[in-house]
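Enquirer: You'll find input-v5.txt just under this line, and it carries compact mmCIF, C-alpha atoms (C1' of nucleotides).
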```txt
# COMPACT_ATOMS: atom_id res chain seq x y z
CA MET J 1 7.81 10.17 8.25
CA ASP J 2 6.42 9.80 4.75
CA ARG J 3 3.56 7.30 4.73
CA ARG J 4 4.97 5.64 1.66
CA ILE J 5 8.17 4.62 3.45
CA ILE J 6 6.29 3.10 6.37
CA LYS J 7 3.91 1.18 4.13
CA THR J 8 6.62 -0.11 1.81
CA ARG J 9 8.83 -1.23 4.67
CA LYS J 10 5.92 -3.00 6.31
CA GLU J 11 5.09 -4.73 3.05
CA ILE J 12 8.67 -5.87 2.65
CA ILE J 13 9.00 -7.37 6.10
CA ASN J 14 5.57 -9.00 5.86
CA ALA J 15 6.56 -10.57 2.57
CA PHE J 16 9.92 -11.58 4.00
CA MET J 17 8.41 -13.28 7.04
CA LYS J 18 5.90 -15.08 4.85
CA LEU J 19 8.70 -16.36 2.63
CA LEU J 20 10.83 -17.26 5.63
CA LYS J 21 8.04 -19.52 6.75
CA LYS J 22 7.39 -20.94 3.31
CA LYS J 23 10.87 -21.70 2.02
CA GLY J 24 13.50 -20.72 4.58
CA PHE J 25 16.06 -17.94 4.51
CA GLU J 26 18.54 -19.39 2.03
CA LYS J 27 16.01 -19.90 -0.73
CA ILE J 28 14.60 -16.39 -0.52
CA THR J 29 15.52 -14.05 -3.39
CA ILE J 30 15.04 -10.31 -3.65
CA GLN J 31 12.83 -11.10 -6.61
CA ASP J 32 10.64 -13.26 -4.37
CA ILE J 33 10.28 -10.51 -1.85
CA ALA J 34 9.34 -7.93 -4.46
CA ASP J 35 6.77 -10.28 -5.99
CA GLU J 36 5.25 -11.27 -2.68
CA ALA J 37 5.09 -7.66 -1.49
CA ASP J 38 3.79 -6.54 -4.87
CA ILE J 39 6.35 -3.78 -5.21
CA ASN J 40 9.09 -3.05 -7.72
CA ARG J 41 12.30 -4.98 -7.21
CA GLY J 42 14.29 -1.77 -7.29
CA THR J 43 12.24 -0.45 -4.40
CA VAL J 44 13.54 -3.21 -2.17
CA TYR J 45 17.06 -1.97 -2.83
CA LEU J 46 16.02 1.55 -1.85
CA HIS J 47 15.40 0.26 1.64
CA PHE J 48 17.76 -2.64 2.19
CA GLU J 49 21.25 -3.64 1.11
CA ASP J 50 20.37 -7.32 0.79
CA LYS J 51 18.27 -9.98 2.43
CA TYR J 52 20.62 -10.17 5.39
CA ALA J 53 19.81 -6.56 6.15
CA ILE J 54 16.12 -7.41 5.99
CA MET J 55 16.60 -10.28 8.40
CA ASP J 56 18.45 -7.97 10.72
CA TYR J 57 15.76 -5.36 10.47
CA CYS J 58 13.12 -7.96 11.24
CA ILE J 59 14.92 -9.12 14.33
CA ASP J 60 15.39 -5.53 15.40
CA SER J 61 11.78 -4.62 15.02
CA TYR J 62 10.37 -7.76 16.56
CA VAL J 63 12.70 -7.48 19.54
CA GLY J 64 11.49 -3.89 19.77
CA LYS J 65 7.86 -4.97 19.67
CA LEU J 66 8.49 -7.57 22.35
CA LEU J 67 10.06 -5.00 24.65
CA GLU J 68 7.58 -2.21 24.13
CA ASN J 69 4.63 -4.55 24.41
CA CYS J 70 5.83 -5.96 27.71
CA ALA J 71 7.27 -2.99 29.55
CA PRO J 72 6.75 0.30 27.81
CA GLY J 73 9.42 2.60 29.18
CA GLU J 74 9.74 0.86 32.51
CA GLU J 75 11.91 -1.76 34.08
CA ILE J 76 11.44 -5.02 32.32
CA VAL J 77 12.94 -7.75 34.39
CA LEU J 78 12.74 -8.77 38.01
CA LYS J 79 9.01 -8.13 38.21
CA LYS J 80 6.63 -11.00 38.04
CA GLU J 81 4.07 -9.15 35.91
CA ALA J 82 6.80 -8.30 33.42
CA PHE J 83 7.86 -11.94 33.20
CA ASN J 84 4.32 -12.97 32.68
CA ALA J 85 3.72 -10.33 30.03
CA ILE J 86 6.77 -11.43 28.11
CA PHE J 87 5.90 -15.11 28.08
CA ASN J 88 2.31 -14.40 27.20
CA TYR J 89 3.26 -12.09 24.36
CA LEU J 90 5.75 -14.61 23.05
CA GLY J 91 3.15 -17.32 23.31
CA GLU J 92 0.67 -15.33 21.26
CA ASN J 93 3.27 -14.66 18.55
CA LEU J 94 5.21 -17.83 18.86
CA ASP J 95 5.29 -18.66 15.17
CA ILE J 96 7.09 -15.41 14.38
CA TYR J 97 9.65 -15.59 17.16
CA LYS J 98 10.34 -19.24 16.57
CA LEU J 99 10.91 -18.47 12.91
CA LEU J 100 13.33 -15.70 13.77
CA LEU J 101 15.31 -17.77 16.25
CA GLU J 102 15.56 -20.73 13.91
CA ASN J 103 16.97 -18.55 11.17
CA ASP J 104 19.18 -16.40 13.36
CA LYS J 105 22.65 -17.74 12.70
CA ASN J 106 24.46 -14.78 14.26
CA ASN J 107 22.57 -14.93 17.52
CA SER J 108 21.43 -11.39 16.80
CA PHE J 109 18.14 -11.90 18.53
CA ASN J 110 19.71 -12.65 21.87
CA GLN J 111 22.28 -9.92 21.48
CA LYS J 112 19.71 -7.27 20.73
CA LEU J 113 17.49 -8.42 23.52
CA LYS J 114 20.45 -8.51 25.86
CA ALA J 115 21.27 -4.86 25.25
CA THR J 116 18.04 -3.73 26.86
CA VAL J 117 17.67 -6.45 29.43
CA GLU J 118 21.19 -5.92 30.69
CA SER J 119 20.91 -2.20 31.31
CA GLN J 120 17.61 -2.58 33.09
CA THR J 121 18.80 -5.51 35.15
CA GLU J 122 21.76 -3.44 36.26
CA MET J 123 19.45 -0.82 37.65
CA ALA J 124 17.21 -3.35 39.30
CA VAL J 125 20.15 -5.15 40.90
CA GLY J 126 21.54 -1.81 42.06
CA HIS J 127 18.37 -1.24 44.04
CA MET J 128 17.94 -4.70 45.44
CA VAL J 129 21.35 -5.90 46.52
CA LYS J 130 23.78 -3.71 48.40
CA SER J 131 27.05 -4.97 47.05
CA ASP J 132 30.22 -3.46 45.74
CA GLY J 133 30.71 -3.08 41.99
CA ALA J 134 32.17 -6.43 41.04
CA SER J 135 29.72 -8.58 42.92
CA ALA J 136 26.72 -6.59 41.64
CA GLU J 137 28.01 -7.06 38.13
CA ILE J 138 28.23 -10.79 38.60
CA TYR J 139 24.68 -10.90 39.86
CA THR J 140 23.61 -8.91 36.84
CA GLN J 141 25.44 -11.02 34.31
CA PHE J 142 24.14 -14.20 35.85
CA LEU J 143 20.56 -12.99 35.89
CA VAL J 144 20.69 -11.68 32.35
CA ALA J 145 22.24 -14.78 30.89
CA GLY J 146 19.86 -16.99 32.81
CA PHE J 147 16.87 -14.98 31.74
CA LEU J 148 17.86 -14.93 28.08
CA GLY J 149 18.67 -18.61 28.17
CA VAL J 150 15.25 -19.50 29.46
CA ILE J 151 13.54 -17.25 26.91
CA ASP J 152 15.51 -18.86 24.12
CA TRP J 153 14.78 -22.37 25.33
CA TRP J 154 11.11 -21.63 25.88
CA ILE J 155 10.58 -20.28 22.38
CA ARG J 156 12.42 -23.14 20.73
CA ASN J 157 10.83 -25.89 22.77
CA TYR J 158 7.32 -24.67 23.24
CA PRO J 159 5.10 -26.18 24.50
CA ALA J 160 7.49 -27.74 26.98
CA CYS J 161 5.67 -25.74 29.65
CA THR J 162 3.05 -23.03 29.81
CA ALA J 163 3.75 -19.33 30.06
CA GLU J 164 2.55 -19.43 33.68
CA GLU J 165 4.86 -22.25 34.66
CA ALA J 166 7.81 -20.56 33.00
CA THR J 167 6.98 -17.32 34.76
CA ASP J 168 6.66 -18.96 38.17
CA ILE J 169 9.83 -21.00 38.01
CA LEU J 170 11.91 -18.20 36.56
CA PHE J 171 10.63 -15.67 39.04
CA SER J 172 11.21 -17.94 42.01
CA MET J 173 14.81 -18.48 40.92
CA VAL J 174 15.39 -14.77 40.49
CA THR J 175 13.98 -13.96 43.93
CA HIS J 176 16.08 -16.66 45.60
CA ILE J 177 19.20 -15.35 43.94
CA THR J 178 18.60 -11.73 44.77
CA ALA J 179 17.88 -12.78 48.37
CA ILE J 180 21.22 -14.53 48.84
CA GLU J 181 22.99 -11.43 50.06
CA MET M 1 -0.83 0.05 -15.10
CA ASP M 2 1.30 1.56 -12.40
CA ARG M 3 1.01 -0.52 -9.25
CA ARG M 4 0.60 2.61 -7.14
CA ILE M 5 -2.62 3.56 -8.92
CA ILE M 6 -4.12 0.12 -8.44
CA LYS M 7 -3.18 -0.02 -4.78
CA THR M 8 -4.36 3.47 -3.99
CA ARG M 9 -7.68 2.98 -5.73
CA LYS M 10 -8.19 -0.29 -3.91
CA GLU M 11 -7.42 1.38 -0.61
CA ILE M 12 -9.89 4.14 -1.35
CA ILE M 13 -12.76 1.87 -2.22
CA ASN M 14 -12.02 -0.42 0.72
CA ALA M 15 -12.08 2.57 3.03
CA PHE M 16 -15.22 3.85 1.37
CA MET M 17 -17.09 0.58 1.74
CA LYS M 18 -16.01 0.32 5.36
CA LEU M 19 -17.32 3.82 6.03
CA LEU M 20 -20.49 3.13 4.09
CA LYS M 21 -21.18 0.30 6.47
CA LYS M 22 -20.18 2.24 9.54
CA LYS M 23 -21.91 5.57 9.04
CA GLY M 24 -23.84 5.64 5.76
CA PHE M 25 -23.15 7.57 2.59
CA GLU M 26 -24.29 11.02 3.67
CA LYS M 27 -22.01 11.19 6.68
CA ILE M 28 -18.89 10.18 4.80
CA THR M 29 -16.35 12.94 4.16
CA ILE M 30 -13.32 12.93 1.91
CA GLN M 31 -11.31 13.48 5.05
CA ASP M 32 -12.77 10.28 6.51
CA ILE M 33 -11.83 8.32 3.46
CA ALA M 34 -8.28 9.60 3.44
CA ASP M 35 -7.87 8.82 7.13
CA GLU M 36 -9.39 5.37 6.85
CA ALA M 37 -7.31 4.52 3.78
CA ASP M 38 -4.21 6.04 5.37
CA ILE M 39 -3.43 8.18 2.35
CA ASN M 40 -3.13 11.89 1.76
CA ARG M 41 -6.39 13.72 1.30
CA GLY M 42 -5.13 15.29 -1.90
CA THR M 43 -4.52 11.85 -3.30
CA VAL M 44 -8.21 11.08 -3.14
CA TYR M 45 -8.86 14.05 -5.41
CA LEU M 46 -6.28 12.76 -7.86
CA HIS M 47 -8.54 9.78 -8.44
CA PHE M 48 -12.09 10.96 -7.84
CA GLU M 49 -14.08 14.14 -8.28
CA ASP M 50 -16.08 13.62 -5.10
CA LYS M 51 -17.67 10.90 -3.03
CA TYR M 52 -20.43 10.42 -5.57
CA ALA M 53 -17.81 9.44 -8.11
CA ILE M 54 -16.42 6.94 -5.63
CA MET M 55 -19.84 5.45 -5.07
CA ASP M 56 -20.28 5.17 -8.80
CA TYR M 57 -16.90 3.57 -9.20
CA CYS M 58 -17.74 1.06 -6.47
CA ILE M 59 -20.98 0.07 -8.15
CA ASP M 60 -19.18 -0.21 -11.45
CA SER M 61 -16.46 -2.44 -10.14
CA TYR M 62 -18.70 -4.65 -8.02
CA VAL M 63 -21.09 -5.14 -10.89
CA GLY M 64 -18.03 -6.01 -12.95
CA LYS M 65 -16.87 -8.52 -10.35
CA LEU M 66 -20.30 -10.09 -10.24
CA LEU M 67 -20.38 -10.53 -13.98
CA GLU M 68 -16.86 -11.80 -14.46
CA ASN M 69 -17.15 -14.16 -11.53
CA CYS M 70 -20.30 -15.71 -12.83
CA ALA M 71 -19.81 -15.92 -16.57
CA PRO M 72 -16.36 -14.95 -17.73
CA GLY M 73 -16.78 -13.97 -21.35
CA GLU M 74 -19.77 -16.17 -22.03
CA GLU M 75 -23.49 -15.82 -22.03
CA ILE M 76 -24.74 -15.02 -18.61
CA VAL M 77 -28.44 -15.58 -18.52
CA LEU M 78 -30.75 -18.36 -19.59
CA LYS M 79 -28.46 -21.08 -18.31
CA LYS M 80 -29.16 -22.73 -15.03
CA GLU M 81 -25.52 -22.94 -13.96
CA ALA M 82 -25.17 -19.22 -14.61
CA PHE M 83 -28.20 -18.43 -12.47
CA ASN M 84 -26.85 -20.59 -9.74
CA ALA M 85 -23.41 -19.01 -9.92
CA ILE M 86 -24.88 -15.55 -9.65
CA PHE M 87 -27.02 -16.26 -6.63
CA ASN M 88 -24.24 -18.12 -4.92
CA TYR M 89 -21.76 -15.33 -5.53
CA LEU M 90 -24.23 -12.76 -4.31
CA GLY M 91 -24.93 -14.86 -1.26
CA GLU M 92 -21.26 -15.05 -0.39
CA ASN M 93 -20.83 -11.29 -0.73
CA LEU M 94 -24.25 -10.27 0.38
CA ASP M 95 -23.11 -7.62 2.83
CA ILE M 96 -21.38 -5.67 0.08
CA TYR M 97 -24.14 -5.86 -2.48
CA LYS M 98 -26.82 -5.10 0.06
CA LEU M 99 -24.84 -2.06 1.12
CA LEU M 100 -24.55 -0.89 -2.45
CA LEU M 101 -28.22 -1.33 -3.24
CA GLU M 102 -29.34 0.40 -0.08
CA ASN M 103 -27.22 3.43 -0.91
CA ASP M 104 -27.89 3.49 -4.63
CA LYS M 105 -30.31 6.35 -5.04
CA ASN M 106 -29.91 6.60 -8.82
CA ASN M 107 -30.58 2.94 -9.46
CA SER M 108 -27.12 2.80 -11.03
CA PHE M 109 -26.60 -0.76 -9.94
CA ASN M 110 -29.53 -2.07 -11.92
CA GLN M 111 -28.75 0.10 -14.90
CA LYS M 112 -25.17 -1.06 -15.11
CA LEU M 113 -26.15 -4.66 -14.64
CA LYS M 114 -28.83 -4.26 -17.25
CA ALA M 115 -26.39 -3.11 -19.90
CA THR M 116 -24.66 -6.47 -19.95
CA VAL M 117 -27.62 -8.68 -19.18
CA GLU M 118 -29.66 -7.09 -21.94
CA SER M 119 -27.16 -7.60 -24.72
CA GLN M 120 -26.56 -11.19 -23.77
CA THR M 121 -30.22 -11.94 -23.36
CA GLU M 122 -30.82 -10.58 -26.84
CA MET M 123 -28.41 -13.09 -28.25
CA ALA M 124 -29.84 -15.95 -26.24
CA VAL M 125 -33.37 -15.09 -27.24
CA GLY M 126 -32.27 -14.81 -30.86
CA HIS M 127 -31.14 -18.41 -30.73
CA MET M 128 -34.04 -19.86 -28.81
CA VAL M 129 -37.18 -18.31 -30.19
CA LYS M 130 -37.78 -17.88 -33.86
CA SER M 131 -39.73 -14.68 -33.89
CA ASP M 132 -39.67 -11.49 -35.83
CA GLY M 133 -37.89 -8.42 -34.46
CA ALA M 134 -40.58 -6.84 -32.33
CA SER M 135 -41.73 -9.96 -30.57
CA ALA M 136 -38.18 -11.07 -29.83
CA GLU M 137 -37.52 -7.69 -28.33
CA ILE M 138 -40.51 -8.00 -26.06
CA TYR M 139 -39.33 -11.40 -24.92
CA THR M 140 -35.95 -9.91 -24.20
CA GLN M 141 -37.19 -6.90 -22.31
CA PHE M 142 -39.52 -9.02 -20.24
CA LEU M 143 -36.83 -11.52 -19.36
CA VAL M 144 -34.28 -8.84 -18.51
CA ALA M 145 -36.62 -6.83 -16.34
CA GLY M 146 -37.85 -9.95 -14.60
CA PHE M 147 -34.37 -11.20 -14.00
CA LEU M 148 -33.13 -7.90 -12.63
CA GLY M 149 -36.19 -7.51 -10.49
CA VAL M 150 -35.67 -10.88 -8.85
CA ILE M 151 -31.99 -10.17 -8.28
CA ASP M 152 -32.83 -6.86 -6.67
CA TRP M 153 -35.52 -8.37 -4.47
CA TRP M 154 -33.35 -11.30 -3.48
CA ILE M 155 -30.46 -9.11 -2.36
CA ARG M 156 -32.64 -6.75 -0.38
CA ASN M 157 -34.75 -9.42 1.27
CA TYR M 158 -32.29 -12.19 1.91
CA PRO M 159 -32.82 -14.69 3.39
CA ALA M 160 -36.33 -14.85 2.02
CA CYS M 161 -35.22 -17.94 0.14
CA THR M 162 -32.01 -19.80 -0.56
CA ALA M 163 -29.86 -19.36 -3.63
CA GLU M 164 -31.00 -22.76 -4.85
CA GLU M 165 -34.70 -21.96 -4.51
CA ALA M 166 -34.23 -18.65 -6.30
CA THR M 167 -32.32 -20.39 -9.07
CA ASP M 168 -34.92 -23.10 -9.53
CA ILE M 169 -37.95 -20.84 -9.58
CA LEU M 170 -36.35 -18.24 -11.81
CA PHE M 171 -35.08 -20.83 -14.25
CA SER M 172 -38.39 -22.63 -14.47
CA MET M 173 -40.11 -19.35 -15.29
CA VAL M 174 -37.58 -18.52 -17.95
CA THR M 175 -37.87 -21.92 -19.62
CA HIS M 176 -41.67 -21.75 -19.60
CA ILE M 177 -41.59 -18.33 -21.20
CA THR M 178 -39.10 -19.20 -23.89
CA ALA M 179 -41.15 -22.35 -24.63
CA ILE M 180 -44.34 -20.39 -25.27
CA GLU M 181 -43.63 -19.91 -28.94
C1' DC C 1 -27.06 34.72 15.12
C1' DC C 2 -22.29 34.38 15.55
C1' DA C 3 -18.08 32.05 16.31
C1' DC C 4 -15.28 28.42 15.87
C1' DA C 5 -14.15 23.95 14.13
C1' DA C 6 -14.06 20.95 10.44
C1' DA C 7 -14.28 19.84 5.57
C1' DT C 8 -13.49 21.34 0.93
C1' DG C 9 -11.09 22.07 -3.30
C1' DT C 10 -6.87 23.58 -5.20
C1' DC C 11 -1.99 24.52 -5.52
C1' DT C 12 3.31 23.97 -5.24
C1' DA C 13 7.57 21.78 -4.28
C1' DT C 14 9.46 17.59 -2.92
C1' DT C 15 10.12 12.72 -2.49
C1' DA C 16 9.28 7.83 -3.11
C1' DA C 17 8.11 4.32 -6.19
C1' DT C 18 7.68 2.88 -10.88
C1' DC C 19 9.16 0.71 -15.23
C1' DA C 20 12.52 -0.59 -18.40
C1' DA C 21 16.95 -1.60 -19.54
C1' DC C 22 21.36 -3.06 -18.60
C1' DA C 23 25.71 -6.08 -17.94
C1' DG C 24 27.40 -9.43 -14.88
C1' DA C 25 26.84 -13.29 -11.57
C1' DT C 26 24.39 -17.80 -10.11
C1' DT C 27 22.01 -21.61 -10.70
C1' DG C 28 19.98 -25.99 -12.47
C1' DG C 29 19.28 -29.42 -16.25
C1' DC C 30 20.87 -31.85 -20.26
C1' DG K 1 31.00 -28.52 -19.20
C1' DC K 2 27.63 -25.62 -21.19
C1' DC K 3 23.44 -23.41 -22.21
C1' DA K 4 19.43 -21.17 -20.80
C1' DA K 5 17.01 -19.11 -17.39
C1' DT K 6 16.96 -16.60 -13.42
C1' DC K 7 18.65 -13.37 -10.10
C1' DT K 8 21.47 -9.44 -9.15
C1' DG K 9 22.73 -4.73 -8.46
C1' DT K 10 22.52 -0.42 -10.62
C1' DT K 11 20.96 3.25 -13.71
C1' DG K 12 17.85 7.16 -15.75
C1' DA K 13 13.63 9.09 -16.92
C1' DT K 14 8.97 9.38 -15.46
C1' DT K 15 4.96 9.38 -12.54
C1' DA K 16 2.20 9.13 -8.37
C1' DA K 17 1.79 10.36 -3.70
C1' DT K 18 3.25 13.35 -0.06
C1' DA K 19 3.12 17.34 3.23
C1' DG K 20 1.79 21.73 3.85
C1' DA K 21 -0.43 25.82 2.78
C1' DC K 22 -4.21 28.48 1.27
C1' DA K 23 -8.91 30.77 0.80
C1' DT K 24 -13.53 29.21 0.90
C1' DT K 25 -17.57 26.68 2.39
C1' DT K 26 -20.22 24.07 5.54
C1' DG K 27 -22.29 23.11 9.83
C1' DT K 28 -22.72 22.72 14.93
C1' DG K 29 -23.00 24.35 19.64
C1' DG K 30 -23.34 28.27 22.74
```
Go ahead and render the structure in this file as structure tokens.
Expert:
Amino acid sequence: MDRRIIKTRKEIINAFMKLLKKKGFEKITIQDIADEADINRGTVYLHFEDKYAIMDYCIDSYVGKLLENCAPGEEIVLKKEAFNAIFNYLGENLDIYKLLLENDKNNSFNQKLKATVESQTEMAVGHMVKSDGASAEIYTQFLVAGFLGVIDWWIRNYPACTAEEATDILFSMVTHITAIE
Amino acid sequence: MDRRIIKTRKEIINAFMKLLKKKGFEKITIQDIADEADINRGTVYLHFEDKYAIMDYCIDSYVGKLLENCAPGEEIVLKKEAFNAIFNYLGENLDIYKLLLENDKNNSFNQKLKATVESQTEMAVGHMVKSDGASAEIYTQFLVAGFLGVIDWWIRNYPACTAEEATDILFSMVTHITAIE
DNA sequence: CCACAAATGTCTATTAATCAACAGATTGGC
DNA sequence: GCCAATCTGTTGATTAATAGACATTTGTGG
């Protein structure tokens, strides 16, 4: 892709995140973003409909970064190393993810994360428990919701516990559940 | 001026200075600069004839920064605060100025600096010593050359002495000379 | 010494970003 | 409420940067 597009988009989201931190979503104007990014105001409109679209794009890309940084192309959940990688990565970039969650009124973050986690959990559950369709699906839904719930809580309430503690407790619950059979 | 020009030029000189530090002037290629700056190679040619022009531009702009940071619009030399400001600024950005001097085969740095220092010294000397034309000019030339020589030595040999020591010694010499009359 | 890779300098067509101007919508203070 | 200032969303003309291609030059290793 054209370098200019990549650079401009990066500048916009950097400016947006900076402003999100400084004054909160509601007070952000397109003008602000253009000024902060040092680009023409019209250029912002070439890339995004409005600031809601920018917020959405941010969530998208940061969820993407989280996933690709923690399990590039492989199964994400139900492996202890993967859990650990996720909590560690979140810990290192906590300010960003906290900011996103706090300003995410539509629960987009969880929904986007769920899309990937769900499909990969399905596969993992398919391998581990030999159950008929309905019961496997219940396992899956329970695991996914539990996992996402803990992630959400951990980000919002850090430092309620360390990444290691979160990993250990979460993983032990998952293994107990998948061993019920 | 168009933002794009400013940004691109900044990216080029940043890349150039980084490469100057990493591999030295001779080994730098236009290709390198384009890669490092993450811009198209052709774009470099839109702004500069060759890498010598970039080097020249760097010296120009860093001499400019030095001057405007130390005496914005006023007389530069023959005031203690000005001396102090110059040495302090140089000290804070020593890596850059050292790099420039070490790679300045044409003595451009001194020449460019001289242009400003000379004209302002002339004025200062005109006020301080009541001499006829020729003798005032000798005062001026002596002061300018001495000043530039100390600056050059100080940058190349830091930390031979602190900014404060350099300021004090240089200023005491200047005051003794201008008091000869 | 030759071959092959990399860098150069230049070009064209295309695209993204710019500025400036606009009328209409919001907002905050008096 | 109203005025002024700001922000919005869009436009059109212009300019800078892009990718890609090209023939040429440089320079390094076999």
Enquirer: J:Met55, J:Ile39, J:Ser119, J:Phe87: which is nearest J:Cys70, counting only C-alpha atoms?
Expert: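 Counting only C-alpha atoms, the residue closest to J:Cys70 is J:Phe87.
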Enquirer: For chain M, report every residue with an atom at most 12 Å from chain J (counting all atoms listed in the file), formatted as a list in words.
Expert: Asp2, Arg3, Arg4, Ile6, Lys7, Thr8, Asp35, Ala37, Asp38, Ile39 and Asn40 of chain M
Enquirer: In terms of the shortest atom-to-atom distance over all atoms listed in the file, which of C:DC19, C:DA13, C:DC1, C:DC30 is closest to chain J?
Expert: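 For chain J, the nearest of the candidates is C:DC19.
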Enquirer: Using 9 Å as the limit and counting all atoms listed in the file, can you tabulate each residue of chain C that touches chain J, with its shortest atom-to-atom distance in Å and the two atoms involved, as CSV?
Expert:
```
residue,atom,partner,partner_atom,distance
C:DT15,C1',J:Asp2,CA,8.6
C:DA16,C1',J:Arg4,CA,6.8
C:DA17,C1',J:Thr43,CA,6.6
C:DT18,C1',J:Asn40,CA,6.9
C:DC19,C1',J:Asn40,CA,8.4
```
Enquirer: Excluding C:DA3 and its own-chain neighbours fewer than 5 positions away, which residues fall within 12 Å of it when counting only C-alpha atoms (C1' of nucleotides)? Please give them as a PyMOL selection string.
Expert: chain K and resi 27-30
Enquirer: Given the choices M:Tyr45, M:Tyr89, M:Tyr139, M:Tyr52, which gets closest to M:Ala124 if the distance is worked out from all atoms listed in the file?
Expert: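 Looking at the shortest contact to M:Ala124, the residue is M:Tyr139.
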Enquirer: Restricting the calculation to all atoms listed in the file, which member of K:DT26, K:DT14, K:DC2, K:DA19 is positioned closest to chain J?
Expert: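 Comparing K:DT26, K:DT14, K:DC2, K:DA19 against chain J, the winner is K:DA19.
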Enquirer: With 10 Å as the limit and counting only C-alpha atoms (C1' of nucleotides), what residues in chain K lie close to chain J? Please list them as JSON, numbers by chain.
Expert: {"K": [6, 7, 8, 9, 10, 17, 18, 19]}
Enquirer: Write out, as a CSV table (one decimal), keeping the file's coordinate frame, the residues just selected, with C-alpha atoms (C1' of nucleotides).
Expert:
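Final output, again.csv:
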```
chain,number,residue,atom,x,y,z
K,6,DT,C1',17.0,-16.6,-13.4
K,7,DC,C1',18.6,-13.4,-10.1
K,8,DT,C1',21.5,-9.4,-9.2
K,9,DG,C1',22.7,-4.7,-8.5
K,10,DT,C1',22.5,-0.4,-10.6
K,17,DA,C1',1.8,10.4,-3.7
K,18,DT,C1',3.2,13.4,-0.1
K,19,DA,C1',3.1,17.3,3.2
```
Enquirer: Let me know the centre plus edge lengths, in Å and rounded to one decimal, of a box with edges along x, y and z that contains all listed atoms of stretch 3-6 of chain K and is padded by 8 Å on every side, as AutoDock Vina command-line options.
Expert:
```
--center_x 20.2 --center_y -20.0 --center_z -17.8 --size_x 22.5 --size_y 22.8 --size_z 24.8
```
Enquirer: For atom CA of J:Ile13 and atom CA of M:Ala34, quote the distance in Å rounded to one decimal.
Expert: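 Answer for the atom CA of J:Ile13 to atom CA of M:Ala34 separation: 24.4 Å.
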Enquirer: Give me, please, the distance in Å between atom CA of M:Lys21 and atom CA of M:Leu67, quoted to one decimal.
Expert: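 If I compute the distance from atom CA of M:Lys21 to atom CA of M:Leu67, I get 23.2 Å.
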Enquirer: In Å, rounded to a single decimal, give me how far atom CA of J:His127 is from atom CA of J:Val63.
Expert: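 If I compute the distance from atom CA of J:Val63 to atom CA of J:His127, I get 25.9 Å.
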